[in-house]
Amino acid sequence: MSTSTGVINTEKFDHKYDDEIVKYFLMATIIWAGVALLLGIYAALELANYKFNLGLQWLTFGRIRPLHTNAAIFAFGGNGIFAGIYHSSQRLLKTRLFSDKLSWFHFWGWQLIILAAAITLPLGLTQGKEYHELEWPINIAVAIVWIAFGINLLQTIRRRKEPHIYVALWFYIATFVTIALLYVVNSIEIPVSWFNSYPVYAGVQDALVQWWYGHNAVAFFLTTPFLGLMYYYIPKAVNKPVYSYRLSVVHFWSLVFIYIWAGPHHLLNTALPEWAQTLGVIFSVMLWIPSWGGMINGLMTLRGSWDKVKTDPILKFLATGTIFYGMSTFEGPLLSLKSVNEVAHYSDWIIAHVHGGALGWNGFILFGMVYYLVPRLWKTELYNKSLAETHFWLGTIGIVIYIVSMWTAGIAQSMMLNAVDATGHLVYPDFVQTVVRIVPLYYVRSLGGLMYFVGYLLMVYNVVKTIKGAPVALAASAKREEANPVLKLDTQALVQESISEGPHRVLEGFPMVMTVLAVAAVLVGTMIELIPMITSTNAQSEEFAAFKVKPLTSLQLAGRDIYVREGCYLCHSQMIRTTVGDVLRYGPASETADSMYDHPFQWGSKRTGPDLARVGGKYPDLWHVRHLLNPRDIVPQSIMPTYSWLLEQKLDLGTIERRFSVLKMLGVPYSDEDVKNAAENAKKDSIAIAEDLVKQGGPQGLENKEITALVAYLQSLGKQTEKR
Amino acid sequence: MTKEKDPHSNSDNPHDMGHDYDGIREDNHPAPTWWWTFFIISIIFGFFYFLHYSLMDGETLKHRLARDMDQIESLRAKDAKAEPSEADLTALVASPAALKAGRETFAGKCVSCHGDLGQGGIGPNLTDNYWIHGAGTVTDIYHVVTQGVLEKGMPAWGAVLPPDEVKRVVAYVKSIHGSNPPNPKPPQGTEIHD
């Protein structure tokens, strides 16, 4: 690795930076990356063949997928951005991190949270909201650790020795404040036990809040911090000036302002009120160009240095990561058009889209960062450059295989699902007919993931060898002797000096003002979208006046909670869209009223299996029992897992009363009697179903077993709403 | 403390802002023209799109759906005049080609409930002399199969399968009557003798 002037510059200050914490976060990044990738490959194989779950409930797809996504986003991505933020901020601010204690609290707190996730998710303890699966005690822990991180960051900024803050830090600030806001608002839930809770929002509100959160977790956890890292590591690694200061100003503010509005594009053609859908479409389209502003600034910084990119694996990863960012942010707005979305939504196209972002953008930026940091932090050279080169190519080819296979699978399946013949009938009336066609692509996808993983293993080997070959550390980086003082600025002089470069330059001298402005920018879209939804769609509203909706019985509710526990919602939607394909296949389009008492909503985001919004009454009870016991007994080519344990496990009604009373408090029309008799009623209904099953020729002894609750729930779907 | 602009450090670079963060300098090239152009176009697009769909009379999704479904209905209506007569269906029972196609449909759509040989399972035995609906004539079978018995879990196949396929599977069901498969489900409905 050539020593650039940048590095020499840095080393002058090295002694007072806390690089120990950076090393720890970096190691955590590397370790969790492996876990996340392995879980991804495993989940992919489970879709190709359900038998990979070994018949163990803890390993079924519905429980592994949340573990995979949480590991990828929060464990791999999270530790990665913390490493990069702590490393780059100290150097950009020329000061040590504010508090060693906070840093270590942050580190261990975050690892414990990940550990808690790794234990609770396979046990089926989940809120059933994507990327927000963790249950309420863990939510609280996340919020506390996140705030610790934020205080550490902001206080470090206040102790800086640079009068202005660099663009990377703007992005870090936006990351901290917005994620805090998103997480807290989406975590407003009422506990029903130590490990379960119901969100206060229901149905369409819950859908909107969840995807406001989900979309902006992508924006402010997987985009803004990574742009910050890009703005630091690309110019450092290539030792060239950043292309355009004014572009960074414009694209930063437009990104922060516009991103927050785009959540409803996850709910296009659904029962979400159309004005909200329309806002989702237009803000997604407007997001394209600000996103590309970031890409342009990253890539143009490399202009004239492409020869270096050819020979330096660090730059290869960073540059290619940035190109993947450009691809994803072009694809995103495209997917947000209602007509394209009709094809893409619920299909594997979306899976291709997120992996272009996650593997290409997030993964590659972090790998580039690892190759940059390890030799510098351990004060040595990279063990083997060509190994890193091989990692790059394996990774790139792996991503291409992944994306192309899932594009093909998604588009092909949607085309088949929506195909109508000349007589006005579906060409493929059986959902499974479309599944068997794409199963081979599920294997191809796993292969792409495997290649990416092998590349990662090369990196691990390279890193271990590099560290082993490093000179013995003289002493751990000096401990803080005394806290750095808060920067004392002559504000007037600062303003006067900066104003010649425009008002934004002045703002860069006042990071706390910038923080407030960033909050304001994200609050605009948030309030305009969420407040009308939360205030207007209540039981009294016009929306619902036309319908009479029965809430679930206690047995059905117990079944709903099993449905959530097993992660059925990860393969099945409950939302018949306003499209011909959906209506022909599943029945009349879903109404907002259908889910008005659903805490949480069950609209889903991916149809690996058919929509279930109106499956109630479609089949006899016995059909469901046989199907859940072994789907292949009923549908020979099904890829749905078996759920045989539901026929054995006793239904737990210990908290049903509490569940009912929480829902009652949240506005579900249960009477005091209903609450009091919840457990009694559930038992009675369960026995009735079990007896009926025997009469139909089914197995004996299912009374008070979980299966009766799940079947009762499935039979309720689409049956609760009546037009007045 | 503030860093002075240093005109000498990068005198050959007219774009240099004079900023230096940990060795990172910032240029100030203008953003590409196409970038601004597309940004402005996307904002204008957004404005008019919102205007059209939310404030003016742009077609709503429900409206569009209703229009599309009308089209489907008219396709189906055109085809429905082909409501088969008893003779049509009986002719199919005599056609080996139709029965072969019907057997395939039966294997794909019906065996999960009626058993691989029609002996019954979740649904009733279709080979015996007992019928819940009608008297087992081709037209009776045709009506159950097209309209289903939704409250009992017999799907309405008329909405799912193309008309020709329905006719052929009906013919197939008729053809297996009296085939006496092993392990029949106990009789349901009333006994009919022809």
# chains A, B, ... in the order shown; residues from 1 in each chain; ligands from 1
call {"tool": "residues_around", "arguments": {"residues": "stretch 103-118 of chain B", "least_positions_apart": "4", "cutoff": "7 Å", "atoms": "only C-alpha atoms", "output": "list in words"}}
result
Ile634 and Val635 of chain A; Leu99, Ile122, Gly123, Pro124, Asn125, Leu126, Thr127, Val169, Tyr172 and Pro181 of chain B
call {"tool": "write_last_selection", "arguments": {"atoms": "C-alpha atoms", "output": "PDB file, in the first residue's frame"}}
result
ATOM      1  CA  ILE A 634     -52.351 -31.926  -1.070  1.00  0.00           C
ATOM      2  CA  VAL A 635     -50.274 -30.023  -3.600  1.00  0.00           C
TER       3      VAL A 635
ATOM      4  CA  LEU B  99     -61.303 -38.187 -21.147  1.00  0.00           C
ATOM      5  CA  ILE B 122     -61.630 -34.499   2.151  1.00  0.00           C
ATOM      6  CA  GLY B 123     -64.420 -34.370  -0.424  1.00  0.00           C
ATOM      7  CA  PRO B 124     -66.955 -37.133  -1.178  1.00  0.00           C
ATOM      8  CA  ASN B 125     -66.491 -40.315  -3.176  1.00  0.00           C
ATOM      9  CA  LEU B 126     -67.374 -39.518  -6.804  1.00  0.00           C
ATOM     10  CA  THR B 127     -67.564 -43.113  -8.045  1.00  0.00           C
ATOM     11  CA  VAL B 169     -63.131 -32.924 -16.320  1.00  0.00           C
ATOM     12  CA  TYR B 172     -64.047 -37.692 -16.761  1.00  0.00           C
ATOM     13  CA  PRO B 181     -61.818 -47.998  -6.438  1.00  0.00           C
TER      14      PRO B 181
END
call {"tool": "closest_atom_pairs", "arguments": {"of": "chain A", "to": "chain B", "cutoff": "8 Å", "atoms": "only C-alpha atoms", "output": "tab-separated table"}}
result
residue	atom	partner	partner_atom	distance
A:Thr5	CA	B:Gly23	CA	7.2
A:Gly6	CA	B:Gly23	CA	4.8
A:Asn9	CA	B:Gly23	CA	6.5
A:Thr10	CA	B:Asp22	CA	6.4
A:Arg91	CA	B:Asp22	CA	5.9
A:Leu92	CA	B:Asp22	CA	5.5
A:Leu93	CA	B:Tyr21	CA	7.9
A:Lys94	CA	B:Asp22	CA	7.7
A:Glu162	CA	B:Thr2	CA	7.4
A:Pro163	CA	B:Thr2	CA	6.1
A:Tyr166	CA	B:Tyr21	CA	6.8
A:Tyr232	CA	B:Ile24	CA	7.9
A:Pro235	CA	B:Ile24	CA	6.3
A:Lys236	CA	B:Ile24	CA	6.6
A:Asn239	CA	B:Ile24	CA	7.4
A:Lys240	CA	B:Ile24	CA	7.3
A:Pro241	CA	B:Arg25	CA	4.6
A:Val242	CA	B:Glu26	CA	4.8
A:Tyr243	CA	B:Asp27	CA	5.2
A:Ser244	CA	B:Asn28	CA	4.2
A:Tyr245	CA	B:Asn28	CA	4.9
A:Arg246	CA	B:Asn28	CA	6.1
A:Leu247	CA	B:Ala31	CA	5.7
A:Asn269	CA	B:Leu61	CA	7.0
A:Glu274	CA	B:Ser54	CA	7.6
A:Trp275	CA	B:Ser54	CA	5.8
A:Thr278	CA	B:Phe50	CA	6.3
A:Leu279	CA	B:Phe50	CA	7.2
A:Ile282	CA	B:Gly46	CA	4.7
A:Phe283	CA	B:Gly46	CA	7.2
A:Val285	CA	B:Ser42	CA	6.4
A:Met286	CA	B:Ser42	CA	5.3
A:Ile289	CA	B:Phe39	CA	5.6
A:Pro290	CA	B:Phe39	CA	7.5
A:Gly293	CA	B:Trp35	CA	7.7
A:Ala422	CA	B:Leu75	CA	6.8
A:Thr423	CA	B:Arg76	CA	5.4
A:Gly424	CA	B:Ile72	CA	5.0
A:His425	CA	B:Pro162	CA	5.9
A:Leu426	CA	B:Val160	CA	6.8
A:Pro429	CA	B:Val160	CA	6.0
A:Leu494	CA	B:Thr2	CA	7.5
A:Thr578	CA	B:Leu65	CA	5.9
A:Thr579	CA	B:Leu65	CA	6.0
A:Val580	CA	B:Leu65	CA	6.5
A:Arg585	CA	B:Val160	CA	7.9
A:Gly617	CA	B:Gly153	CA	6.2
A:Lys618	CA	B:Gly153	CA	5.3
A:Tyr619	CA	B:Gly153	CA	4.2
A:Pro620	CA	B:Gly153	CA	4.8
A:Leu622	CA	B:Ile122	CA	6.5
A:Trp623	CA	B:Ile122	CA	6.5
A:Asp633	CA	B:Ser112	CA	7.3
A:Ile634	CA	B:Ser112	CA	4.7
A:Val635	CA	B:Ser112	CA	6.9
A:Gln696	CA	B:Ile122	CA	6.9
A:Gly697	CA	B:Ile122	CA	7.6
call {"tool": "closest_residue", "arguments": {"among": "A:Ala72, A:Ala682, A:Ala262, A:Val35", "to": "A:Gly654", "atoms": "only C-alpha atoms"}}
result
A:Ala682
call {"tool": "closest_residue", "arguments": {"among": "A:Ile639, A:Phe367, A:Leu647, A:Gly525", "to": "A:Val435", "atoms": "only C-alpha atoms"}}
result
A:Ile639
call {"tool": "select_by_dssp", "arguments": {"residues": "stretch 63-127 of chain B", "states": "alpha helix (DSSP H)", "output": "NGL selection string"}}
result
:B and (63-80 or 86-93 or 96-109 or 111-114)
call {"tool": "residues_around", "arguments": {"residues": "A:Phe61", "least_positions_apart": "2", "cutoff": "7 Å", "atoms": "only C-alpha atoms", "output": "VMD selection string"}}
result
chain A and resid 43 46 59 63 to 65
call {"tool": "write_last_selection", "arguments": {"atoms": "N, CA, C and O atoms", "output": "PDB file, in the first residue's frame"}}
result
ATOM      1  N   ALA A  43     -31.249 -19.616   3.891  1.00  0.00           N
ATOM      2  CA  ALA A  43     -32.648 -19.270   3.584  1.00  0.00           C
ATOM      3  C   ALA A  43     -32.931 -19.505   2.101  1.00  0.00           C
ATOM      4  O   ALA A  43     -34.009 -19.990   1.732  1.00  0.00           O
ATOM      5  N   GLU A  46     -33.490 -23.091   1.535  1.00  0.00           N
ATOM      6  CA  GLU A  46     -34.786 -23.530   2.071  1.00  0.00           C
ATOM      7  C   GLU A  46     -35.920 -23.265   1.092  1.00  0.00           C
ATOM      8  O   GLU A  46     -36.896 -24.007   1.049  1.00  0.00           O
ATOM      9  N   LEU A  59     -35.750 -23.674  12.582  1.00  0.00           N
ATOM     10  CA  LEU A  59     -34.971 -23.421  11.371  1.00  0.00           C
ATOM     11  C   LEU A  59     -35.840 -23.187  10.144  1.00  0.00           C
ATOM     12  O   LEU A  59     -35.324 -23.063   9.041  1.00  0.00           O
ATOM     13  N   ARG A  63     -38.718 -18.289  10.188  1.00  0.00           N
ATOM     14  CA  ARG A  63     -37.965 -17.798  11.346  1.00  0.00           C
ATOM     15  C   ARG A  63     -36.529 -17.452  10.971  1.00  0.00           C
ATOM     16  O   ARG A  63     -35.891 -16.633  11.644  1.00  0.00           O
ATOM     17  N   ILE A  64     -36.016 -18.082   9.936  1.00  0.00           N
ATOM     18  CA  ILE A  64     -34.632 -17.817   9.525  1.00  0.00           C
ATOM     19  C   ILE A  64     -34.528 -16.521   8.741  1.00  0.00           C
ATOM     20  O   ILE A  64     -33.561 -15.774   8.860  1.00  0.00           O
ATOM     21  N   ARG A  65     -35.554 -16.229   7.926  1.00  0.00           N
ATOM     22  CA  ARG A  65     -35.439 -15.028   7.116  1.00  0.00           C
ATOM     23  C   ARG A  65     -35.274 -13.767   7.951  1.00  0.00           C
ATOM     24  O   ARG A  65     -34.393 -12.954   7.664  1.00  0.00           O
TER      25      ARG A  65
END
call {"tool": "select_by_dssp", "arguments": {"residues": "stretch 127-329 of chain A", "states": "strand (DSSP E or B)", "output": "mmCIF file with N, CA, C and O atoms, in the first residue's frame"}}
result
data_model
loop_
_atom_site.group_PDB
_atom_site.id
_atom_site.type_symbol
_atom_site.label_atom_id
_atom_site.label_comp_id
_atom_site.auth_asym_id
_atom_site.auth_seq_id
_atom_site.Cartn_x
_atom_site.Cartn_y
_atom_site.Cartn_z
ATOM 1 N N GLU A 189 -45.729 0.367 21.098
ATOM 2 C CA GLU A 189 -46.423 -0.913 21.178
ATOM 3 C C GLU A 189 -46.759 -1.190 22.636
ATOM 4 O O GLU A 189 -46.147 -0.625 23.532
ATOM 5 N N ILE A 190 -47.756 -2.033 22.831
ATOM 6 C CA ILE A 190 -48.156 -2.372 24.196
ATOM 7 C C ILE A 190 -47.754 -3.816 24.474
ATOM 8 O O ILE A 190 -48.185 -4.722 23.760
ATOM 9 N N PRO A 191 -46.965 -4.043 25.518
ATOM 10 C CA PRO A 191 -46.571 -5.418 25.828
ATOM 11 C C PRO A 191 -47.775 -6.259 26.224
ATOM 12 O O PRO A 191 -48.671 -5.774 26.927
ATOM 13 N N VAL A 192 -47.803 -7.507 25.771
ATOM 14 C CA VAL A 192 -48.822 -8.427 26.273
ATOM 15 C C VAL A 192 -48.168 -9.491 27.135
ATOM 16 O O VAL A 192 -48.843 -10.222 27.842
ATOM 17 N N SER A 193 -46.842 -9.591 27.065
ATOM 18 C CA SER A 193 -46.101 -10.483 27.946
ATOM 19 C C SER A 193 -44.654 -10.012 27.881
ATOM 20 O O SER A 193 -44.353 -9.007 27.237
ATOM 21 N N ASN A 196 -43.774 -10.469 24.056
ATOM 22 C CA ASN A 196 -44.675 -10.177 22.945
ATOM 23 C C ASN A 196 -45.344 -8.837 23.166
ATOM 24 O O ASN A 196 -45.499 -8.395 24.298
ATOM 25 N N SER A 197 -45.722 -8.220 22.065
ATOM 26 C CA SER A 197 -46.402 -6.936 22.169
ATOM 27 C C SER A 197 -47.248 -6.727 20.927
ATOM 28 O O SER A 197 -47.055 -7.406 19.923
ATOM 29 N N TYR A 198 -48.209 -5.831 21.027
ATOM 30 C CA TYR A 198 -49.006 -5.440 19.863
ATOM 31 C C TYR A 198 -48.748 -3.972 19.574
ATOM 32 O O TYR A 198 -48.746 -3.149 20.502
ATOM 33 N N PRO A 199 -48.557 -3.603 18.311
ATOM 34 C CA PRO A 199 -48.374 -2.188 17.989
ATOM 35 C C PRO A 199 -49.662 -1.409 18.223
ATOM 36 O O PRO A 199 -50.753 -1.976 18.095
ATOM 37 N N VAL A 242 -12.373 15.808 -3.597
ATOM 38 C CA VAL A 242 -13.764 15.477 -3.908
ATOM 39 C C VAL A 242 -14.207 16.359 -5.067
ATOM 40 O O VAL A 242 -13.848 17.530 -5.140
ATOM 41 N N SER A 244 -17.128 17.783 -6.301
ATOM 42 C CA SER A 244 -17.899 19.019 -6.279
ATOM 43 C C SER A 244 -18.526 19.282 -4.917
ATOM 44 O O SER A 244 -19.401 18.553 -4.464
#
call {"tool": "residues_around", "arguments": {"residues": "stretch 396-409 of chain A", "least_positions_apart": "4", "cutoff": "8 Å", "atoms": "only C-alpha atoms", "output": "list in words"}}
result
Asp348, Trp349, Ile351, Ala352, His353, His355, Gly356, Leu359, Gly360, Phe392, Gln413, Ile438, Leu441, Tyr442, Val444, Arg445, Ser446, Leu447, Gly448, Gly449, Leu450, Met451 and Tyr452 of chain A
call {"tool": "closest_residue", "arguments": {"among": "A:Ala344, A:Ile73, A:Gly80, A:Glu133", "to": "A:Leu570", "atoms": "only C-alpha atoms"}}
result
A:Glu133
call {"tool": "closest_residue", "arguments": {"among": "A:Ile707, A:Val256, A:Val506, A:Leu584", "to": "A:Ser644", "atoms": "only C-alpha atoms"}}
result
A:Ile707
call {"tool": "residues_around", "arguments": {"residues": "stretch 375-381 of chain A", "least_positions_apart": "2", "cutoff": "8 Å", "atoms": "only C-alpha atoms", "output": "list in words"}}
result
Met1, Asp19, Lys23, Tyr371, Tyr372, Leu373, Tyr383, Thr466, Ile467, Gly469, Ala470, Pro471 and Ala473 of chain A
call {"tool": "write_last_selection", "arguments": {"atoms": "N, CA and C atoms", "output": "short mmCIF file (atom, residue, chain, number, x, y, z; two decimals), in the first residue's frame"}}
result
data_model
loop_
_atom_site.label_atom_id
_atom_site.label_comp_id
_atom_site.auth_asym_id
_atom_site.auth_seq_id
_atom_site.Cartn_x
_atom_site.Cartn_y
_atom_site.Cartn_z
N MET A 1 0.84 -1.20 0.00
CA MET A 1 0.00 0.00 0.00
C MET A 1 0.87 1.25 0.00
N ASP A 19 -8.38 4.19 18.40
CA ASP A 19 -8.51 3.24 17.30
C ASP A 19 -8.82 1.84 17.80
N LYS A 23 -11.08 -0.92 15.88
CA LYS A 23 -10.67 -2.30 15.61
C LYS A 23 -11.76 -3.28 16.06
N TYR A 371 -10.38 -3.40 3.78
CA TYR A 371 -9.05 -3.48 3.16
C TYR A 371 -8.26 -2.18 3.38
N TYR A 372 -8.97 -1.08 3.50
CA TYR A 372 -8.30 0.19 3.76
C TYR A 372 -7.82 0.25 5.22
N LEU A 373 -8.70 -0.18 6.12
CA LEU A 373 -8.42 0.05 7.54
C LEU A 373 -7.45 -0.95 8.15
N TYR A 383 -1.62 -8.49 3.51
CA TYR A 383 -0.88 -9.73 3.31
C TYR A 383 -0.79 -10.10 1.83
N THR A 466 -2.79 -10.73 7.63
CA THR A 466 -2.26 -9.37 7.73
C THR A 466 -2.00 -9.01 9.19
N ILE A 467 -2.99 -9.32 10.04
CA ILE A 467 -2.85 -8.94 11.44
C ILE A 467 -1.76 -9.77 12.10
N GLY A 469 0.85 -10.89 10.74
CA GLY A 469 2.16 -10.45 10.28
C GLY A 469 2.51 -9.04 10.74
N ALA A 470 1.59 -8.40 11.44
CA ALA A 470 1.83 -7.01 11.83
C ALA A 470 2.86 -6.95 12.95
N PRO A 471 3.64 -5.85 13.00
CA PRO A 471 4.57 -5.69 14.11
C PRO A 471 3.80 -5.67 15.43
N ALA A 473 2.19 -4.62 18.54
CA ALA A 473 1.76 -3.27 18.90
C ALA A 473 2.59 -2.77 20.07
#
call {"tool": "residues_around", "arguments": {"residues": "A:Ile81", "least_positions_apart": "5", "cutoff": "9 Å", "atoms": "only C-alpha atoms", "output": "VMD selection string"}}
result
chain A and resid 25 29 76 86 221 to 222 225 to 226 229 366
call {"tool": "write_last_selection", "arguments": {"atoms": "all heavy atoms", "output": "short mmCIF file (atom, residue, chain, number, x, y, z; two decimals), in the first residue's frame"}}
result
data_model
loop_
_atom_site.label_atom_id
_atom_site.label_comp_id
_atom_site.auth_asym_id
_atom_site.auth_seq_id
_atom_site.Cartn_x
_atom_site.Cartn_y
_atom_site.Cartn_z
N PHE A 25 -15.04 -2.76 16.42
CA PHE A 25 -16.20 -2.71 15.52
C PHE A 25 -15.87 -3.36 14.18
O PHE A 25 -16.70 -4.01 13.56
CB PHE A 25 -16.66 -1.26 15.32
CG PHE A 25 -17.68 -0.81 16.33
CD1 PHE A 25 -17.42 0.27 17.16
CD2 PHE A 25 -18.89 -1.45 16.44
CE1 PHE A 25 -18.37 0.70 18.09
CE2 PHE A 25 -19.85 -1.04 17.37
CZ PHE A 25 -19.58 0.04 18.20
N THR A 29 -17.74 -6.44 12.52
CA THR A 29 -18.27 -6.35 11.16
C THR A 29 -17.93 -7.62 10.39
O THR A 29 -18.78 -8.22 9.73
CB THR A 29 -17.65 -5.16 10.41
OG1 THR A 29 -17.77 -4.01 11.22
CG2 THR A 29 -18.33 -4.93 9.08
N PHE A 76 -24.03 -6.83 10.43
CA PHE A 76 -22.97 -6.54 9.45
C PHE A 76 -22.95 -5.04 9.13
O PHE A 76 -21.96 -4.34 9.35
CB PHE A 76 -23.21 -7.39 8.20
CG PHE A 76 -22.30 -7.10 7.04
CD1 PHE A 76 -20.95 -6.83 7.24
CD2 PHE A 76 -22.79 -7.14 5.73
CE1 PHE A 76 -20.11 -6.57 6.15
CE2 PHE A 76 -21.95 -6.89 4.64
CZ PHE A 76 -20.62 -6.60 4.86
N TYR A 86 -16.65 5.99 13.53
CA TYR A 86 -15.72 6.31 14.61
C TYR A 86 -14.31 6.56 14.08
O TYR A 86 -13.59 7.41 14.59
CB TYR A 86 -15.72 5.18 15.67
CG TYR A 86 -16.88 5.28 16.65
CD1 TYR A 86 -17.16 4.26 17.55
CD2 TYR A 86 -17.69 6.42 16.69
CE1 TYR A 86 -18.21 4.35 18.45
CE2 TYR A 86 -18.75 6.52 17.60
CZ TYR A 86 -19.01 5.49 18.47
OH TYR A 86 -20.05 5.59 19.37
N PHE A 221 -30.11 4.08 7.27
CA PHE A 221 -29.19 3.11 7.86
C PHE A 221 -28.29 2.52 6.79
O PHE A 221 -27.13 2.23 7.03
CB PHE A 221 -29.97 2.00 8.57
CG PHE A 221 -29.18 1.33 9.67
CD1 PHE A 221 -29.20 1.84 10.95
CD2 PHE A 221 -28.41 0.21 9.41
CE1 PHE A 221 -28.45 1.24 11.96
CE2 PHE A 221 -27.67 -0.39 10.42
CZ PHE A 221 -27.69 0.13 11.69
N LEU A 222 -28.83 2.34 5.59
CA LEU A 222 -28.06 1.68 4.54
C LEU A 222 -27.65 2.66 3.43
O LEU A 222 -27.01 2.26 2.47
CB LEU A 222 -28.87 0.53 3.95
CG LEU A 222 -29.20 -0.58 4.95
CD1 LEU A 222 -30.06 -1.66 4.31
CD2 LEU A 222 -27.93 -1.20 5.51
N PRO A 225 -25.36 6.77 5.97
CA PRO A 225 -24.04 6.53 6.58
C PRO A 225 -23.03 6.02 5.55
O PRO A 225 -21.85 6.36 5.62
CB PRO A 225 -24.31 5.49 7.66
CG PRO A 225 -25.62 4.89 7.33
CD PRO A 225 -26.39 5.92 6.58
N PHE A 226 -23.52 5.24 4.60
CA PHE A 226 -22.60 4.71 3.60
C PHE A 226 -22.11 5.80 2.66
O PHE A 226 -20.98 5.77 2.19
CB PHE A 226 -23.25 3.56 2.83
CG PHE A 226 -23.31 2.30 3.64
CD1 PHE A 226 -24.34 2.08 4.54
CD2 PHE A 226 -22.31 1.35 3.55
CE1 PHE A 226 -24.37 0.94 5.31
CE2 PHE A 226 -22.32 0.20 4.32
CZ PHE A 226 -23.36 -0.01 5.20
N LEU A 229 -19.35 7.33 4.46
CA LEU A 229 -18.13 6.52 4.33
C LEU A 229 -17.52 6.71 2.95
O LEU A 229 -16.30 6.82 2.81
CB LEU A 229 -18.44 5.03 4.56
CG LEU A 229 -19.03 4.64 5.91
CD1 LEU A 229 -19.24 3.12 5.99
CD2 LEU A 229 -18.13 5.10 7.06
N LEU A 366 -18.20 -1.67 2.53
CA LEU A 366 -17.60 -2.14 3.78
C LEU A 366 -16.35 -2.98 3.52
O LEU A 366 -15.37 -2.88 4.26
CB LEU A 366 -18.62 -2.92 4.62
CG LEU A 366 -19.76 -2.07 5.20
CD1 LEU A 366 -20.66 -2.90 6.09
CD2 LEU A 366 -19.22 -0.87 5.98
#
call {"tool": "residues_around", "arguments": {"residues": "stretch 204-216 of chain A", "least_positions_apart": "5", "cutoff": "8 Å", "atoms": "only C-alpha atoms", "output": "PyMOL selection string"}}
result
chain A and resi 129-131+179+182-183+185-186+199+221+259-264+266-267+271-272+526+530+533-534+537+592+595-596+599-601+603
call {"tool": "atom_distance", "arguments": {"atom1": "atom CA of A:Leu268", "atom2": "atom CA of A:Glu342"}}
result
7.8 Å
call {"tool": "atom_distance", "arguments": {"atom1": "atom CA of A:Ala75", "atom2": "atom CA of A:Val167"}}
result
25.1 Å
call {"tool": "atom_distance", "arguments": {"atom1": "atom CA of A:Leu335", "atom2": "atom CA of A:Thr224"}}
result
20.7 Å
call {"tool": "closest_residue", "arguments": {"among": "A:Thr320, A:Gly502, A:Leu629, A:Lys723", "to": "A:Gly357", "atoms": "only C-alpha atoms"}}
result
A:Thr320
